[in-house]
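Peer 1: Provided below: query_5.txt, containing compact mmCIF, C-alpha atoms and all ligand atoms.
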```txt
# COMPACT_ATOMS: atom_id res chain seq x y z
CA MET A 1 51.46 219.15 -99.00
CA GLN A 2 52.22 216.13 -96.88
CA ASP A 3 51.70 216.43 -93.13
CA THR A 4 55.39 215.70 -92.48
CA GLU A 5 56.50 218.49 -94.81
CA PHE A 6 53.82 220.76 -93.39
CA TYR A 7 55.18 220.27 -89.88
CA ARG A 8 58.81 220.60 -90.97
CA GLU A 9 58.01 224.06 -92.30
CA LEU A 10 55.79 224.95 -89.39
CA LEU A 11 58.47 223.95 -86.90
CA GLY A 12 61.14 225.73 -88.95
CA LEU A 13 63.42 222.71 -88.63
CA PRO A 14 66.92 223.40 -89.95
CA ASP A 15 68.94 220.85 -91.91
CA PRO A 16 69.55 218.01 -91.46
CA TRP A 17 66.34 217.56 -89.46
CA ARG A 18 63.12 216.36 -90.99
CA VAL A 19 59.75 215.08 -89.80
CA ARG A 20 59.34 211.33 -89.98
CA GLU A 21 55.80 210.97 -88.74
CA VAL A 22 52.84 212.97 -87.46
CA LYS A 23 50.10 211.41 -85.37
CA LEU A 24 46.85 213.11 -84.52
CA ASP A 25 44.78 211.87 -81.60
CA LEU A 26 41.66 214.01 -81.64
CA ALA A 27 40.09 212.26 -78.66
CA ALA A 28 43.10 213.22 -76.55
CA SER A 29 43.47 216.63 -78.30
CA ARG A 30 47.05 215.75 -79.04
CA VAL A 31 49.50 215.89 -81.95
CA ASP A 32 52.76 213.95 -81.79
CA VAL A 33 55.55 214.73 -84.23
CA TRP A 34 58.58 212.49 -84.66
CA VAL A 35 61.69 214.27 -85.84
CA GLU A 36 64.89 212.67 -87.10
CA GLU A 37 67.95 213.57 -89.14
CA VAL A 38 68.22 212.71 -92.86
CA ALA A 39 70.26 209.63 -93.63
CA GLY A 40 73.98 210.28 -93.81
CA ALA A 41 73.80 213.64 -92.01
CA LYS A 42 77.19 215.06 -91.05
CA TRP A 43 77.71 216.23 -87.47
CA GLU A 44 80.23 218.34 -85.68
CA CYS A 45 81.58 217.85 -82.19
CA PRO A 46 79.60 220.27 -79.96
CA GLU A 47 82.80 220.99 -78.07
CA CYS A 48 85.21 221.99 -80.84
CA GLY A 49 83.10 222.13 -84.00
CA GLY A 50 85.36 219.61 -85.74
CA LYS A 51 83.89 216.87 -87.95
CA ALA A 52 82.82 213.92 -85.85
CA PRO A 53 81.10 210.65 -86.81
CA VAL A 54 77.91 209.54 -85.11
CA TYR A 55 78.62 207.27 -82.18
CA ASP A 56 75.02 206.31 -81.39
CA HIS A 57 71.64 207.82 -80.60
CA ALA A 58 70.35 208.65 -77.14
CA GLY A 59 66.95 207.33 -76.06
CA GLU A 60 63.83 209.08 -77.35
CA ARG A 61 63.03 212.39 -75.69
CA VAL A 62 59.80 214.38 -75.80
CA TRP A 63 59.41 218.17 -75.87
CA ARG A 64 56.17 220.04 -75.51
CA HIS A 65 55.71 222.56 -78.32
CA LEU A 66 53.16 225.31 -78.98
CA ASN A 67 49.67 223.94 -79.56
CA THR A 68 48.36 222.96 -82.99
CA CYS A 69 44.87 224.46 -82.95
CA GLN A 70 43.15 222.89 -79.94
CA CYS A 71 45.74 220.10 -79.65
CA GLN A 72 48.74 219.99 -77.38
CA THR A 73 51.71 219.23 -79.56
CA PHE A 74 54.77 217.16 -78.71
CA LEU A 75 58.07 216.68 -80.52
CA HIS A 76 59.85 213.34 -80.27
CA ALA A 77 63.45 212.73 -81.24
CA ARG A 78 66.51 210.64 -80.50
CA LEU A 79 69.45 212.98 -80.44
CA PRO A 80 72.68 211.70 -82.02
CA ARG A 81 75.88 211.44 -80.02
CA THR A 82 79.14 212.13 -81.82
CA GLN A 83 82.58 210.78 -81.20
CA CYS A 84 85.39 213.31 -81.42
CA ALA A 85 89.03 212.25 -81.33
CA ASP A 86 89.75 214.98 -78.77
CA HIS A 87 86.51 215.22 -76.79
CA GLY A 88 85.09 211.72 -76.88
CA VAL A 89 81.35 211.02 -77.00
CA LYS A 90 79.17 214.15 -76.91
CA GLN A 91 75.46 214.64 -77.32
CA ILE A 92 74.22 216.96 -80.09
CA LEU A 93 71.95 219.72 -78.79
CA ALA A 94 68.47 219.97 -80.26
CA PRO A 95 68.14 223.24 -82.22
CA TRP A 96 64.54 223.61 -81.02
CA SER A 97 65.24 223.46 -77.31
CA GLY A 98 67.59 224.62 -74.59
CA PRO A 99 69.72 222.02 -72.81
CA GLY A 100 67.75 219.93 -70.32
CA SER A 101 64.41 221.56 -71.12
CA GLN A 102 61.23 219.56 -71.66
CA PHE A 103 59.79 222.42 -73.73
CA THR A 104 60.77 223.77 -77.12
CA LEU A 105 62.20 227.30 -77.18
CA LEU A 106 58.95 228.70 -78.56
CA CYS A 107 56.86 226.90 -75.96
CA GLU A 108 59.14 228.11 -73.16
CA SER A 109 58.83 231.71 -74.37
CA TRP A 110 55.07 231.35 -74.49
CA LEU A 111 55.02 230.02 -70.91
CA ILE A 112 57.19 232.96 -69.82
CA ASP A 113 54.73 235.39 -71.45
CA THR A 114 51.87 233.69 -69.64
CA LEU A 115 53.72 233.71 -66.31
CA GLN A 116 54.18 237.45 -66.66
CA GLU A 117 50.43 237.90 -66.88
CA CYS A 118 49.16 235.71 -64.07
CA ASP A 119 50.19 233.56 -61.14
CA VAL A 120 51.58 230.05 -61.46
CA THR A 121 48.26 228.35 -60.70
CA GLY A 122 46.60 230.43 -63.43
CA VAL A 123 49.32 229.42 -65.88
CA THR A 124 48.79 225.73 -65.15
CA ARG A 125 45.09 226.12 -65.93
CA LEU A 126 45.64 228.09 -69.13
CA THR A 127 48.43 225.98 -70.56
CA GLY A 128 47.78 222.51 -69.20
CA THR A 129 51.22 222.31 -67.58
CA SER A 130 51.77 221.13 -64.04
CA TRP A 131 52.64 223.48 -61.18
CA ASP A 132 56.20 222.14 -61.06
CA GLU A 133 56.64 222.54 -64.82
CA SER A 134 55.44 226.15 -64.85
CA TRP A 135 57.45 226.94 -61.78
CA GLY A 136 60.52 225.31 -63.34
CA VAL A 137 60.20 227.59 -66.38
CA MET A 138 60.07 230.63 -64.12
CA ALA A 139 63.05 229.57 -62.02
CA LYS A 140 65.09 228.77 -65.12
CA ALA A 141 64.19 232.11 -66.71
CA VAL A 142 65.42 233.93 -63.61
CA ALA A 143 68.65 231.90 -63.46
CA ARG A 144 69.22 232.65 -67.15
CA GLY A 145 68.51 236.35 -66.70
CA GLN A 146 70.84 236.61 -63.75
CA ALA A 147 73.64 234.81 -65.56
CA ARG A 148 73.30 237.32 -68.42
CA LYS A 149 73.03 240.34 -66.20
CA LYS A 150 76.01 242.60 -66.00
CA TRP A 151 76.62 242.99 -62.28
CA ARG A 152 77.12 246.57 -61.33
CA ILE A 153 76.05 248.55 -58.32
CA PRO A 154 73.41 251.18 -59.21
CA GLU A 155 74.15 254.85 -58.54
CA TYR A 156 70.86 255.35 -56.70
CA LEU A 157 69.73 252.57 -54.41
CA SER A 158 66.67 252.05 -52.33
CA ILE A 159 66.63 249.59 -49.46
CA ASP A 160 63.25 248.37 -48.32
CA GLU A 161 61.88 245.64 -46.15
CA LYS A 162 58.84 243.56 -46.97
CA ALA A 163 56.98 241.24 -44.67
CA PHE A 164 56.72 237.76 -46.12
CA ALA A 165 53.37 235.98 -46.23
CA LYS A 166 51.76 238.05 -43.49
CA ARG A 167 53.97 236.56 -40.83
CA HIS A 168 56.50 238.70 -39.04
CA ARG A 169 59.31 237.52 -41.21
CA TYR A 170 61.04 239.95 -43.46
CA GLU A 171 62.94 240.16 -46.69
CA THR A 172 65.33 242.96 -47.52
CA LEU A 173 64.91 244.31 -51.05
CA VAL A 174 67.64 246.30 -52.76
CA CYS A 175 66.32 248.29 -55.72
CA ASP A 176 67.83 250.31 -58.52
CA LEU A 177 65.96 253.61 -58.25
CA LYS A 178 66.75 254.77 -61.78
CA LYS A 179 65.78 251.55 -63.54
CA GLY A 180 62.98 250.67 -61.14
CA THR A 181 64.20 247.11 -60.72
CA VAL A 182 64.76 244.83 -57.76
CA GLU A 183 68.46 244.01 -57.69
CA TYR A 184 68.65 241.76 -54.68
CA VAL A 185 66.34 239.98 -52.27
CA VAL A 186 67.65 238.48 -49.06
CA GLU A 187 66.18 236.91 -45.95
CA ASP A 188 65.71 239.06 -42.84
CA ARG A 189 66.39 242.74 -42.29
CA LYS A 190 69.59 242.54 -40.33
CA GLN A 191 72.84 244.39 -40.90
CA GLU A 192 74.25 241.17 -42.34
CA SER A 193 71.33 240.92 -44.81
CA LEU A 194 72.25 244.20 -46.49
CA GLU A 195 75.99 243.66 -46.12
CA SER A 196 75.70 240.45 -48.12
CA TYR A 197 74.59 242.65 -51.04
CA TYR A 198 77.31 245.28 -50.66
CA ARG A 199 80.01 242.66 -50.27
CA GLN A 200 79.57 241.50 -53.86
CA PHE A 201 81.22 244.69 -55.07
CA THR A 202 84.71 246.11 -54.77
CA ILE A 203 85.33 249.28 -52.84
CA GLU A 204 85.86 251.13 -56.15
CA GLU A 205 82.44 249.99 -57.32
CA ARG A 206 80.80 250.91 -54.03
CA GLU A 207 82.33 254.38 -54.26
CA THR A 208 80.19 255.07 -57.34
CA VAL A 209 76.97 254.92 -55.32
CA LYS A 210 75.57 258.45 -55.13
CA ALA A 211 72.69 258.00 -52.70
CA VAL A 212 70.76 255.32 -50.80
CA ALA A 213 67.11 255.76 -49.78
CA MET A 214 65.96 253.76 -46.76
CA ASP A 215 63.87 253.64 -43.64
CA MET A 216 65.35 254.86 -40.34
CA TRP A 217 66.34 251.32 -39.58
CA ASP A 218 69.61 251.05 -37.67
CA PRO A 219 70.87 247.75 -39.16
CA PHE A 220 70.56 249.19 -42.70
CA ILE A 221 72.27 252.39 -41.61
CA ALA A 222 75.13 250.46 -40.02
CA ALA A 223 75.59 248.24 -43.10
CA THR A 224 75.64 251.26 -45.41
CA ARG A 225 78.09 253.15 -43.19
CA ALA A 226 80.35 250.10 -43.16
CA TYR A 227 80.38 249.58 -46.92
CA ILE A 228 79.57 252.79 -48.78
CA PRO A 229 82.27 255.46 -48.66
CA GLU A 230 80.94 258.84 -47.44
CA ALA A 231 77.68 257.18 -46.41
CA ALA A 232 76.85 260.08 -44.07
CA GLU A 233 76.26 262.29 -47.11
CA LYS A 234 74.51 259.60 -49.13
CA ILE A 235 71.92 258.02 -46.85
CA VAL A 236 68.47 259.56 -47.40
CA PHE A 237 65.64 258.57 -45.08
CA ASP A 238 62.55 257.89 -47.08
CA HIS A 239 59.94 260.56 -46.46
CA PHE A 240 57.07 258.10 -46.37
CA HIS A 241 58.74 256.31 -43.46
CA VAL A 242 59.58 259.62 -41.78
CA THR A 243 55.98 260.84 -41.97
CA ARG A 244 54.74 257.46 -40.80
CA GLN A 245 56.49 257.95 -37.45
CA VAL A 246 54.24 260.93 -36.80
CA THR A 247 51.14 259.28 -38.28
CA GLU A 248 51.58 256.39 -35.87
CA ALA A 249 51.88 258.89 -33.02
CA VAL A 250 48.55 260.43 -34.08
CA ASP A 251 47.00 256.98 -33.96
CA LYS A 252 48.32 256.38 -30.43
CA VAL A 253 46.92 259.71 -29.25
CA ARG A 254 43.57 258.83 -30.84
CA ARG A 255 43.41 255.41 -29.20
CA GLN A 256 44.19 256.79 -25.75
CA GLU A 257 41.73 259.63 -26.10
CA HIS A 258 39.00 257.43 -27.53
CA LYS A 259 39.36 255.06 -24.58
CA ALA A 260 39.17 257.93 -22.08
CA LEU A 261 36.13 259.43 -23.83
CA LEU A 262 34.33 256.08 -23.95
CA GLU A 263 34.67 255.78 -20.18
CA GLU A 264 32.60 258.96 -19.99
CA GLY A 265 30.12 257.55 -22.50
CA ASP A 266 31.42 259.85 -25.27
CA GLU A 267 31.55 258.07 -28.64
CA ARG A 268 32.75 261.01 -30.70
CA LEU A 269 35.93 259.33 -31.94
CA LYS A 270 34.25 256.10 -32.93
CA GLY A 271 34.86 255.14 -36.56
CA THR A 272 37.17 258.11 -37.21
CA ARG A 273 40.52 256.33 -37.32
CA TYR A 274 40.94 256.56 -41.08
CA LEU A 275 40.09 260.27 -41.16
CA TRP A 276 43.00 261.16 -38.90
CA LEU A 277 45.50 258.90 -40.58
CA ALA A 278 44.80 259.73 -44.23
CA ASN A 279 46.38 262.72 -45.91
CA GLN A 280 43.86 265.53 -45.66
CA GLU A 281 43.17 265.63 -49.40
CA ASN A 282 42.42 261.89 -49.39
CA VAL A 283 39.53 262.11 -46.95
CA PRO A 284 36.49 261.05 -49.02
CA LYS A 285 34.14 263.81 -50.04
CA TRP A 286 31.15 262.42 -48.17
CA ARG A 287 33.05 262.53 -44.86
CA LYS A 288 34.66 265.96 -45.27
CA GLU A 289 31.87 267.76 -43.40
CA GLU A 290 31.90 265.31 -40.51
CA PHE A 291 35.68 265.58 -40.33
CA ALA A 292 35.67 269.38 -40.35
CA ALA A 293 33.15 269.37 -37.50
CA ILE A 294 35.11 267.02 -35.30
CA ARG A 295 38.30 269.03 -35.88
CA LYS A 296 36.63 272.13 -34.47
CA VAL A 297 36.19 270.42 -31.10
CA ASN A 298 39.27 270.83 -28.97
CA LEU A 299 40.52 267.26 -29.01
CA LYS A 300 44.04 266.00 -28.42
CA THR A 301 43.68 263.89 -31.55
CA GLY A 302 42.90 267.03 -33.56
CA ARG A 303 46.05 268.76 -32.30
CA ALA A 304 48.18 265.71 -33.07
CA TRP A 305 46.63 265.59 -36.53
CA SER A 306 47.52 269.26 -37.23
CA ILE A 307 51.13 268.57 -36.28
CA LYS A 308 51.22 265.57 -38.61
CA GLU A 309 49.69 267.46 -41.53
CA SER A 310 52.03 270.41 -41.14
CA LEU A 311 55.11 268.18 -41.30
CA ARG A 312 54.10 267.28 -44.84
CA LYS A 313 54.88 270.83 -46.00
CA PHE A 314 58.50 270.28 -44.98
CA TRP A 315 59.12 268.18 -48.09
CA ASP A 316 57.99 270.92 -50.43
CA TYR A 317 60.92 273.22 -49.67
CA ARG A 318 63.39 273.79 -52.45
CA TYR A 319 66.31 274.80 -50.31
CA ALA A 320 67.73 272.79 -47.46
CA LYS A 321 68.28 275.90 -45.35
CA SER A 322 64.66 277.00 -45.40
CA ALA A 323 63.52 273.40 -44.89
CA LEU A 324 65.72 273.19 -41.82
CA GLY A 325 64.21 276.42 -40.46
CA TYR A 326 60.74 274.99 -41.00
CA PHE A 327 61.68 271.77 -39.26
CA ARG A 328 63.01 273.68 -36.23
CA ARG A 329 59.69 275.55 -35.86
CA TRP A 330 57.74 272.34 -36.36
CA TYR A 331 59.93 270.55 -33.82
CA PHE A 332 59.33 273.25 -31.22
CA TRP A 333 55.57 272.98 -31.75
CA ALA A 334 55.58 269.16 -31.65
CA THR A 335 57.74 268.91 -28.54
CA HIS A 336 55.59 271.47 -26.71
CA SER A 337 52.33 269.72 -27.58
CA ARG A 338 52.10 267.81 -24.27
CA LEU A 339 51.19 264.78 -26.39
CA THR A 340 53.65 262.09 -25.36
CA PRO A 341 53.54 259.96 -28.56
CA VAL A 342 54.00 263.08 -30.72
CA ILE A 343 56.91 264.32 -28.62
CA LYS A 344 58.53 260.90 -28.89
CA ALA A 345 58.10 260.83 -32.67
CA ALA A 346 59.50 264.36 -33.04
CA LYS A 347 62.55 263.42 -31.00
CA THR A 348 63.12 260.39 -33.20
CA LEU A 349 63.08 262.62 -36.28
CA GLU A 350 65.44 265.07 -34.62
CA ARG A 351 67.86 262.24 -33.88
CA TYR A 352 67.85 261.15 -37.53
CA LEU A 353 67.68 264.68 -38.93
CA PRO A 354 71.07 264.85 -40.77
CA ASN A 355 69.97 262.07 -43.11
CA ILE A 356 66.47 263.43 -43.44
CA MET A 357 68.01 266.70 -44.64
CA THR A 358 70.01 264.85 -47.33
CA TYR A 359 66.69 264.58 -49.18
CA PHE A 360 67.09 268.19 -50.28
CA LYS A 361 70.36 267.30 -51.95
CA HIS A 362 69.45 263.99 -53.62
CA ARG A 363 65.66 264.23 -53.92
CA ILE A 364 65.11 260.49 -53.75
CA SER A 365 62.75 258.28 -51.80
CA ASN A 366 61.80 254.63 -51.87
CA ALA A 367 58.80 255.62 -53.98
CA THR A 368 61.00 257.20 -56.66
CA ALA A 369 61.01 253.94 -58.56
CA GLU A 370 57.53 254.60 -59.86
CA GLY A 371 55.40 251.52 -60.24
CA LEU A 372 57.88 249.18 -58.63
CA ASN A 373 56.10 249.06 -55.31
CA SER A 374 52.78 248.19 -56.88
CA LYS A 375 54.49 245.44 -58.86
CA ILE A 376 56.04 244.03 -55.68
CA GLN A 377 52.64 244.27 -54.04
CA MET A 378 51.17 242.25 -56.88
CA VAL A 379 53.82 239.55 -56.43
CA LYS A 380 53.08 239.55 -52.71
CA GLU A 381 49.39 239.04 -53.36
CA MET A 382 50.17 236.12 -55.63
CA ALA A 383 52.51 234.81 -52.95
CA CYS A 384 49.74 232.84 -51.26
CA GLY A 385 50.43 230.15 -53.86
CA PHE A 386 54.13 230.07 -53.06
CA ARG A 387 55.33 227.21 -50.95
CA ASN A 388 58.30 228.99 -49.42
CA ARG A 389 60.31 232.21 -49.44
CA GLU A 390 62.69 230.94 -52.08
CA HIS A 391 59.70 230.86 -54.42
CA TYR A 392 58.73 234.36 -53.36
CA ARG A 393 62.24 235.60 -54.07
CA ILE A 394 62.35 234.01 -57.52
CA ALA A 395 58.95 235.50 -58.36
CA ILE A 396 60.19 238.97 -57.35
CA TYR A 397 63.22 238.63 -59.61
CA PHE A 398 61.00 237.31 -62.40
CA HIS A 399 58.49 240.16 -62.26
CA CYS A 400 60.61 243.03 -60.94
CA GLY A 401 64.22 242.15 -61.72
CA GLY A 402 64.37 243.73 -65.19
CA LEU A 403 66.02 240.51 -66.39
CA GLU A 404 66.25 239.11 -69.92
CA LEU A 405 64.12 236.05 -69.33
CA TYR A 406 63.67 234.41 -72.74
CA PRO A 407 65.74 231.45 -73.86
ZN ZN B 501 85.75 217.89 -80.30
```
Could you show the structure in this file as structure tokens?
Peer 2:
Amino acid sequence: MQDTEFYRELLGLPDPWRVREVKLDLAASRVDVWVEEVAGAKWECPECGGKAPVYDHAGERVWRHLNTCQCQTFLHARLPRTQCADHGVKQILAPWSGPGSQFTLLCESWLIDTLQECDVTGVTRLTGTSWDESWGVMAKAVARGQARKKWRIPEYLSIDEKAFAKRHRYETLVCDLKKGTVEYVVEDRKQESLESYYRQFTIEERETVKAVAMDMWDPFIAATRAYIPEAAEKIVFDHFHVTRQVTEAVDKVRRQEHKALLEEGDERLKGTRYLWLANQENVPKWRKEEFAAIRKVNLKTGRAWSIKESLRKFWDYRYAKSALGYFRRWYFWATHSRLTPVIKAAKTLERYLPNIMTYFKHRISNATAEGLNSKIQMVKEMACGFRNREHYRIAIYFHCGGLELYP
């Protein structure tokens, strides 16, 4: 078999395309393939599909294709331009590539597969593409996926905020809790940030939202009240964020007490921070004994810790009424603890209680979308290679958007 025929079959070129020439440059690990149409090929106007004569040929273009063995492989062609009586001069699209792409469809799909497995810098090393080329494939895949996506507002939403690149700048993430996908990423965590998402939908569409999980963050609450009908019944404060209020109070108590003890030369609380903050069952085995001993001493930190741990049982209730009873008892205990940070945290929870109680109706939290958070975390860790937040946003849509990415 001739090399030109071999490559025509390998490339799966449809009529009237054929391979004119194949050049192998072993020193450069490179194969170049020139493709052209057979003489006298008939073309149709890309606009209307009517018969149209060839007007001329555009200048030669080059597309990177999948490798041939160890050699990078490039397709060369001059695409014909047709002249239609109705639509004038139009360029024929190459069947092996999407419009404007410098890669063949197969090569682009391969790059997308690679981008799903590692960060952009890793892709450039594995594939021999430049950073801008790999990034361009990712950005185009996201644009394509979003254009194909049927825009609808999910029934169960979760609103979360993520710090961007370790600085105190935030992005608001809107997720579909059922699908486990990121629907929307927007700068900041203001009321306007979230409203810009809601505003894309009609009031009839927004009515279909059944519940929204979020942190006790007033701008998100205000945006949801403004745009989601019957929001008071639908907002559910995420139990991780709720518990964190009390965990942070425990940490404040510990810091104050540790400082006071140190002044008396007492180092008992040194190196114990993690023990108090972790869930009890997560304390490592080798520290359990030490932790049990320190809890027996009458320390303020120990009391604060007991209050924190007991709040966790609240979420296990099946019925809202019994959960509410439990909360009332817990609240009494917490507010009579004489531990200022704990009292403050308890009062915060009391203030937000109606939409903490909605948990027992909807049973959702930001963590419901299993696996999504770890995926976002992975994107964040790769984010050190991103030059700006637009890149970060595109990468989130690429990895977490549930989009159809392939050309
Ligand atoms: Zn036409």
Peer 1: Within 9 Å of ligand ZN 501 (chain B), counting only C-alpha atoms and all ligand atoms, which protein or nucleic acid residues do you find, written as an mmCIF file with C-alpha atoms, in the frame of the given file?
Peer 2:
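Resulting contents of part.cif:
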```
data_model
loop_
_atom_site.group_PDB
_atom_site.id
_atom_site.type_symbol
_atom_site.label_atom_id
_atom_site.label_comp_id
_atom_site.auth_asym_id
_atom_site.auth_seq_id
_atom_site.Cartn_x
_atom_site.Cartn_y
_atom_site.Cartn_z
ATOM 1 C CA GLU A 44 80.230 218.340 -85.680
ATOM 2 C CA CYS A 45 81.580 217.850 -82.190
ATOM 3 C CA PRO A 46 79.600 220.270 -79.960
ATOM 4 C CA GLU A 47 82.800 220.990 -78.070
ATOM 5 C CA CYS A 48 85.210 221.990 -80.840
ATOM 6 C CA GLY A 49 83.100 222.130 -84.000
ATOM 7 C CA GLY A 50 85.360 219.610 -85.740
ATOM 8 C CA LYS A 51 83.890 216.870 -87.950
ATOM 9 C CA ALA A 52 82.820 213.920 -85.850
ATOM 10 C CA THR A 82 79.140 212.130 -81.820
ATOM 11 C CA GLN A 83 82.580 210.780 -81.200
ATOM 12 C CA CYS A 84 85.390 213.310 -81.420
ATOM 13 C CA ALA A 85 89.030 212.250 -81.330
ATOM 14 C CA ASP A 86 89.750 214.980 -78.770
ATOM 15 C CA HIS A 87 86.510 215.220 -76.790
ATOM 16 C CA GLY A 88 85.090 211.720 -76.880
ATOM 17 C CA VAL A 89 81.350 211.020 -77.000
ATOM 18 C CA LYS A 90 79.170 214.150 -76.910
#
```
Peer 1: Rounded to one decimal in Å, what is the spacing between CA of Gln91 in chain A and CA of Pro407 in chain A?
Peer 2: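 Distance reported for this atom pair: 19.7 Å.
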Peer 1: Please, what distance in Å, to one decimal, runs between CA of Leu75 in chain A and CA of Gln2 in chain A?
Peer 2: 17.4 Å
Peer 1: Rank A:Ala41, A:Leu173, A:Ala27, A:Ile203 by their smallest atom-to-atom distance to Asp215 in chain A, using all atoms listed in the file, and report the top residue only.
Peer 2: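 The answer is A:Leu173, which sits nearest to Asp215 in chain A.
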Peer 1: For a quick check of understanding, using only C-alpha atoms, which of A:Val253, A:Cys118, A:Met357, A:Ile294 has the smallest distance to Glu267 in chain A?
Peer 2: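 Of A:Val253, A:Cys118, A:Met357, A:Ile294, the one nearest Glu267 in chain A, counting only C-alpha atoms, is A:Ile294.
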Peer 1: Take the point (48.9, 257.4, -34.5) in the file's coordinates, draw a sphere of radius 9 Å around it, and report as a ChimeraX atom specification every protein, DNA or RNA residue with an atom inside or on it, counting only C-alpha atoms.
Peer 2: /A:244-255,273,276-277,301,304-305,341-342
Peer 1: So, counting only C-alpha atoms, which residue among A:Met378, A:Ile364, A:Val123, A:Leu93 is closest to Lys210 in chain A?
Peer 2: A:Ile364
Peer 1: Identify, on the basis of only C-alpha atoms, every residue whose closest approach to Phe360 in chain A does not exceed 12 Å; exclude the query and any residue fewer than 6 positions from it along the same chain; express the result as an MDAnalysis selection string.
Peer 2: chainID A and resid 211 233:239 314:324 353:354
Peer 1: For a test of reading the model, state the distance in Å between CA of Lys150 in chain A and CA of Val137 in chain A, rounded to one decimal.
Peer 2: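 Separation between CA of Lys150 in chain A and CA of Val137 in chain A: 21.8 Å.
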Peer 1: Extract, using all atoms listed in the file, all DNA, RNA and protein residues at most 6 Å from Trp63 in chain A, discarding same-chain residues fewer than 6 positions from it, and format them as a list in words.
Peer 2: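 So, after excluding close chain neighbours, the residues are Phe74, Leu75, Gln102, Phe103 and Thr104 of chain A.
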Peer 1: From the list A:Glu263, A:Glu381, A:Glu187, A:Asp160, which residue is nearest Trp217 in chain A when using all atoms listed in the file?
Peer 2: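 Result for the nearest residue to Trp217 in chain A: A:Asp160.
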Peer 1: Pick out the closest residue to Phe240 in chain A from this set: A:Val186, A:Leu311, A:Ala58, A:Ala222. Count only C-alpha atoms.
Peer 2: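 Result for the nearest residue to Phe240 in chain A: A:Leu311.
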Peer 1: Nearest residue to Gly401 in chain A out of A:Ala278, A:Val182, A:Leu349, A:Ile228, using all atoms listed in the file?
Peer 2: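 Distance minimum relative to Gly401 in chain A lands on A:Val182.
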Peer 1: Quick one: residues within 7 Å of Leu372 in chain A, all atoms listed in the file counted, chain neighbours fewer than 4 positions away excluded, as a ChimeraX atom specification?
Peer 2: /A:180-181,376
